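Structure record follows, encoded as structure tokens.
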Amino acid sequence: MHPLIQQLVSCGPVITDGAWGTELQARGLALGDFPDAWNLTHPDRVGEVARSYVEAGSQVILTNTFGANRIRLGEHEAADHLAEINARGVEISLKAASGRARVFASIGPTGKLLMSGEVTAAELRMAFSEQAQALAQARPDGLVVETMSDLEEAKLAVSAARETGLPVVACMVFDSGKDKDRTMMGTTPEQAAQALTEAGADVIGANCGQGIAGFIAICRRLHGATERPVWIKANAGLPTMVNGRAKYSTTPDEFAGYIPQLIQAGASFIGGCCGTRPDFIAAISRCLRIN
Amino acid sequence: MPDLKQLYESVVSGDAKATQALTKQALADGVDPLKLVNDYMVPAMDEVGRRFEANEYFVPELLISARAMKAALELIRPLLTARGDQPLGRVAIGTVKGDLHDIGKNLVGSLLEGGGFEVIDLGVNVTPEKFIATINEKKANIIAMSALLTTTMPSMKTTIDALKQAGVREKVKVLIGGAPITQKYADEIGADGYSENAVGAVALAKKAVTAA
């Protein structure tokens, strides 16, 4: 196990952070605006989000760099700023953490589907490699490959991320099939855990896609299929639209109510995805203190 | 004359080369092109859909079967057009304004083509004006909108409102889909239909054109 991961998990479950996009919107990010660009234009507000998670009890926070790969940046005509957006994203989180939390930099999917032929494996590998190197330049504590729907893309990202020498978390979205226990491409938690372990990820996990209740079984299955620690970031239920804004049904306390089961199912890193906020992290933090 | 049951099998298994070769042979043997579509390929895509619903098939299998179907349709469609046969419907599909995600939209587009629709792909970040222009200029009778983000979902409502404003809402059926979309949301914004997956979207589009 990577020494840093060993150190983190040796003191019990590690609390990660919650959603970023919705928090940035609450601070004025407009509909359709590219969140990652705010690292350059509104670093103070991005920093506020990072700090709010640290203050709520996050021991690991992520960065506002989810979409900062060349393919996505190109769609927003921001590819020229790739190095800056990634570096600033890490710096903002490091400053907010100021030693109180570890910073794991976020790498999201490219949004292109390998098997559709619109992008090649070499192009994906290059895009991830470029982003991972740009993030590593700013010295985060680790990298998180997250919200992946396609195992092939995830493996390319993990391989690119590993070249930095930083510990690498790899997590996928299980939201398909009757029992919502497969990725979009039909991969099971067992298959994902095995393949990502072989690809060299230091932590394996699941994020996004569904509410926390569905993550218990997925966590147990991931845990059963790999020796690596498991990372879980669930949504706060599924959204309903109220007056044009997404409203998530799960409350912080309801969310935290599932934490003991998640830990029992083998989760080592716990946080939230879409719809979760700092008060969710605070509720998890309270729950872990009591237990 | 080739065994046409093989055509069905080749679509179900997603063998584009075999599907195209069998189609070519059948057409050379004088089989009616519409019969190939209706008696073999559409039932094959129905079977693909059934397997998807039953968790036997996932997105990769859908994609390769749709690709096989498309390979055959490239040979068949010109023949149908030449004799004046109309497609099942004309779908203008796009990811709504503010949203750049296209995996789901592309999948639905391929399956609609496989299901016998003419598909006009407007791409991502599609403005209401572009949808309206496609209705007016290309005579689309179905609008299919996709959104992956809760933050871009409201563009669906904006688009439907714009269709009303432009006086073209009654000319089309509006179908919507995407991860955060629900039937409730579809009802709220006055869409004609919602499907939670790409297979359901084809059934929905068929229902929409027969109801019209």
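Just so we're on the same page: first chain in the structure tokens is A, next is B, and so on; residues restart at 1 for each chain, and ligands are numbered from 1 in the order they show up.
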Nearby residues (only C-alpha atoms) at most 7 Å from Val11 of chain B, same-chain spacing under 5 positions excluded, as a PyMOL selection string: chain B and resi 19+41+44+65+68-69
Contacts from chain B to chain A, 7 Å maximum, only C-alpha atoms: show me the residue list as a PyMOL selection string. chain B and resi 55+58-60+98-99+101+103+150-152+154+180+185
Please write the residues from the selection above to a file, keeping N, CA and C atoms, as an mmCIF file, in the first residue's frame.
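Output file selection.cif is given in full below:
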```cif
data_model
loop_
_atom_site.group_PDB
_atom_site.id
_atom_site.type_symbol
_atom_site.label_atom_id
_atom_site.label_comp_id
_atom_site.auth_asym_id
_atom_site.auth_seq_id
_atom_site.Cartn_x
_atom_site.Cartn_y
_atom_site.Cartn_z
ATOM 1 N N ASN B 55 -30.798 -6.992 -18.758
ATOM 2 C CA ASN B 55 -29.423 -6.919 -18.247
ATOM 3 C C ASN B 55 -28.469 -7.901 -18.912
ATOM 4 N N PHE B 58 -25.504 -4.439 -22.541
ATOM 5 C CA PHE B 58 -25.289 -3.099 -22.005
ATOM 6 C C PHE B 58 -24.928 -2.180 -23.172
ATOM 7 N N VAL B 59 -24.474 -0.986 -22.853
ATOM 8 C CA VAL B 59 -24.230 0.000 -23.899
ATOM 9 C C VAL B 59 -23.319 -0.507 -25.038
ATOM 10 N N PRO B 60 -22.236 -1.228 -24.735
ATOM 11 C CA PRO B 60 -21.372 -1.658 -25.854
ATOM 12 C C PRO B 60 -22.124 -2.525 -26.862
ATOM 13 N N GLY B 98 -26.100 24.950 -23.102
ATOM 14 C CA GLY B 98 -25.330 24.973 -21.866
ATOM 15 C C GLY B 98 -24.726 23.624 -21.511
ATOM 16 N N ASP B 99 -25.145 22.571 -22.217
ATOM 17 C CA ASP B 99 -24.690 21.221 -21.884
ATOM 18 C C ASP B 99 -23.897 20.647 -23.051
ATOM 19 N N HIS B 101 -22.532 17.400 -23.064
ATOM 20 C CA HIS B 101 -22.394 15.939 -22.978
ATOM 21 C C HIS B 101 -23.125 15.259 -24.127
ATOM 22 N N ILE B 103 -22.642 11.569 -25.040
ATOM 23 C CA ILE B 103 -22.634 10.102 -25.139
ATOM 24 C C ILE B 103 -24.063 9.553 -25.212
ATOM 25 N N THR B 150 -28.142 18.718 -13.801
ATOM 26 C CA THR B 150 -29.313 19.364 -13.220
ATOM 27 C C THR B 150 -29.298 20.855 -13.550
ATOM 28 N N THR B 151 -28.108 21.394 -13.754
ATOM 29 C CA THR B 151 -27.997 22.824 -14.035
ATOM 30 C C THR B 151 -28.410 23.169 -15.458
ATOM 31 N N THR B 152 -28.423 22.194 -16.350
ATOM 32 C CA THR B 152 -28.804 22.495 -17.736
ATOM 33 C C THR B 152 -30.199 21.977 -18.081
ATOM 34 N N PRO B 154 -33.025 22.995 -17.032
ATOM 35 C CA PRO B 154 -33.998 24.069 -17.322
ATOM 36 C C PRO B 154 -33.994 24.515 -18.782
ATOM 37 N N PRO B 180 -30.479 13.156 -14.999
ATOM 38 C CA PRO B 180 -31.290 13.713 -13.916
ATOM 39 C C PRO B 180 -32.780 13.833 -14.246
ATOM 40 N N TYR B 185 -40.617 15.472 -14.178
ATOM 41 C CA TYR B 185 -40.080 16.690 -14.785
ATOM 42 C C TYR B 185 -40.633 16.862 -16.198
#
```
Looking only at the backbone, which of the residues in segment 15-178 of chain B does DSSP tag as strand (DSSP E or B), as a PyMOL selection string? chain B and resi 90-96+118-121+126+142-146+173-177
Can you write out the residues you just picked, keeping N, CA and C atoms, as a compact mmCIF listing (two decimals), in the first residue's frame?
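Result file follows (selection-v1.txt):
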```txt
# COMPACT_ATOMS: atom_id res chain seq x y z
N ARG B 90 -39.00 12.02 -38.58
CA ARG B 90 -37.76 12.77 -38.73
C ARG B 90 -37.44 13.41 -37.38
N VAL B 91 -36.35 12.96 -36.78
CA VAL B 91 -36.03 13.39 -35.41
C VAL B 91 -34.89 14.39 -35.41
N ALA B 92 -35.14 15.55 -34.82
CA ALA B 92 -34.03 16.49 -34.58
C ALA B 92 -33.57 16.25 -33.15
N ILE B 93 -32.33 15.77 -33.01
CA ILE B 93 -31.84 15.42 -31.67
C ILE B 93 -30.67 16.30 -31.28
N GLY B 94 -30.61 16.67 -30.00
CA GLY B 94 -29.49 17.49 -29.55
C GLY B 94 -29.41 17.57 -28.04
N THR B 95 -28.23 17.87 -27.55
CA THR B 95 -28.03 18.16 -26.13
C THR B 95 -28.32 19.65 -25.94
N VAL B 96 -29.10 19.97 -24.92
CA VAL B 96 -29.61 21.33 -24.78
C VAL B 96 -28.55 22.39 -24.50
N GLU B 118 -35.34 8.90 -39.51
CA GLU B 118 -34.28 9.74 -40.05
C GLU B 118 -33.86 10.64 -38.89
N VAL B 119 -32.56 10.69 -38.64
CA VAL B 119 -32.08 11.43 -37.47
C VAL B 119 -31.23 12.62 -37.91
N ILE B 120 -31.62 13.79 -37.46
CA ILE B 120 -30.84 15.00 -37.74
C ILE B 120 -30.14 15.36 -36.43
N ASP B 121 -28.83 15.13 -36.41
CA ASP B 121 -28.08 15.36 -35.17
C ASP B 121 -27.60 16.80 -35.11
N VAL B 126 -27.24 23.01 -27.99
CA VAL B 126 -28.18 23.40 -29.05
C VAL B 126 -29.17 24.45 -28.53
N ILE B 142 -40.19 15.19 -34.70
CA ILE B 142 -39.89 14.85 -33.31
C ILE B 142 -38.66 15.65 -32.88
N ILE B 143 -38.75 16.23 -31.68
CA ILE B 143 -37.59 16.90 -31.09
C ILE B 143 -37.15 16.04 -29.91
N ALA B 144 -35.89 15.61 -29.93
CA ALA B 144 -35.38 14.80 -28.84
C ALA B 144 -34.26 15.57 -28.14
N MET B 145 -34.49 15.89 -26.85
CA MET B 145 -33.51 16.70 -26.11
C MET B 145 -32.86 15.90 -25.01
N SER B 146 -31.56 16.14 -24.83
CA SER B 146 -30.80 15.46 -23.80
C SER B 146 -30.14 16.48 -22.87
N LYS B 173 -43.54 16.32 -31.65
CA LYS B 173 -43.59 15.66 -30.34
C LYS B 173 -42.24 15.92 -29.70
N VAL B 174 -42.25 16.28 -28.43
CA VAL B 174 -41.00 16.56 -27.74
C VAL B 174 -40.69 15.43 -26.76
N LEU B 175 -39.53 14.80 -26.97
CA LEU B 175 -39.11 13.71 -26.10
C LEU B 175 -37.83 14.13 -25.37
N ILE B 176 -37.73 13.79 -24.09
CA ILE B 176 -36.55 14.20 -23.35
C ILE B 176 -35.93 13.03 -22.58
N GLY B 177 -34.64 13.17 -22.28
CA GLY B 177 -33.95 12.14 -21.50
C GLY B 177 -32.63 12.66 -20.98
```
I'd like the interatomic distance between atom CA of Ser52 of chain A and atom CA of Ala138 of chain A, to a tenth of an Å.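 Computed distance, atom CA of Ser52 of chain A to atom CA of Ala138 of chain A, equals 21.4 Å.
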Report as a count of residues only all protein, DNA and RNA residues lying within 12 Å of Thr250 of chain A, evaluated on only C-alpha atoms, omitting residues in the same chain fewer than 4 positions from it. 23
Need to verify the contact set: Gly67 of chain A, 7 Å, only C-alpha atoms, exclusion of same-chain residues closer than 3 positions in sequence. Can you return it as a PDB file with C-alpha atoms, in the first residue's frame?
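Below is the file around-v2.pdb, written as the result:
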```
ATOM      1  CA  ASP A  36     -12.874  24.834 -13.691  1.00  0.00           C
ATOM      2  CA  ARG A  72     -13.120  19.127 -22.317  1.00  0.00           C
ATOM      3  CA  ILE A 107      -9.472  14.014 -12.806  1.00  0.00           C
ATOM      4  CA  GLY A 108     -12.868  13.406 -14.464  1.00  0.00           C
TER       5      GLY A 108
END
```
Extract, using only C-alpha atoms, all DNA, RNA and protein residues at most 8 Å from Pro35 of chain A, discarding same-chain residues fewer than 6 positions from it, and format them as a ChimeraX atom specification. /A:21,24,29,64
Those selected residues, please, written with N, CA and C atoms and delivered as a PDB file, in the first residue's frame.
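Final output, saved to again.pdb:
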```pdb
ATOM      1  N   GLY A  21     -19.628  21.557  -7.666  1.00  0.00           N
ATOM      2  CA  GLY A  21     -20.340  22.309  -8.704  1.00  0.00           C
ATOM      3  C   GLY A  21     -21.510  23.097  -8.145  1.00  0.00           C
ATOM      4  N   LEU A  24     -20.405  26.003  -6.070  1.00  0.00           N
ATOM      5  CA  LEU A  24     -19.949  27.142  -6.885  1.00  0.00           C
ATOM      6  C   LEU A  24     -21.149  27.884  -7.462  1.00  0.00           C
ATOM      7  N   LEU A  29     -21.836  30.860  -9.965  1.00  0.00           N
ATOM      8  CA  LEU A  29     -21.478  30.220 -11.240  1.00  0.00           C
ATOM      9  C   LEU A  29     -22.756  30.045 -12.068  1.00  0.00           C
ATOM     10  N   ASN A  64     -10.964  21.757  -7.839  1.00  0.00           N
ATOM     11  CA  ASN A  64     -11.910  22.172  -8.876  1.00  0.00           C
ATOM     12  C   ASN A  64     -11.270  21.976 -10.266  1.00  0.00           C
TER      13      ASN A  64
END
```
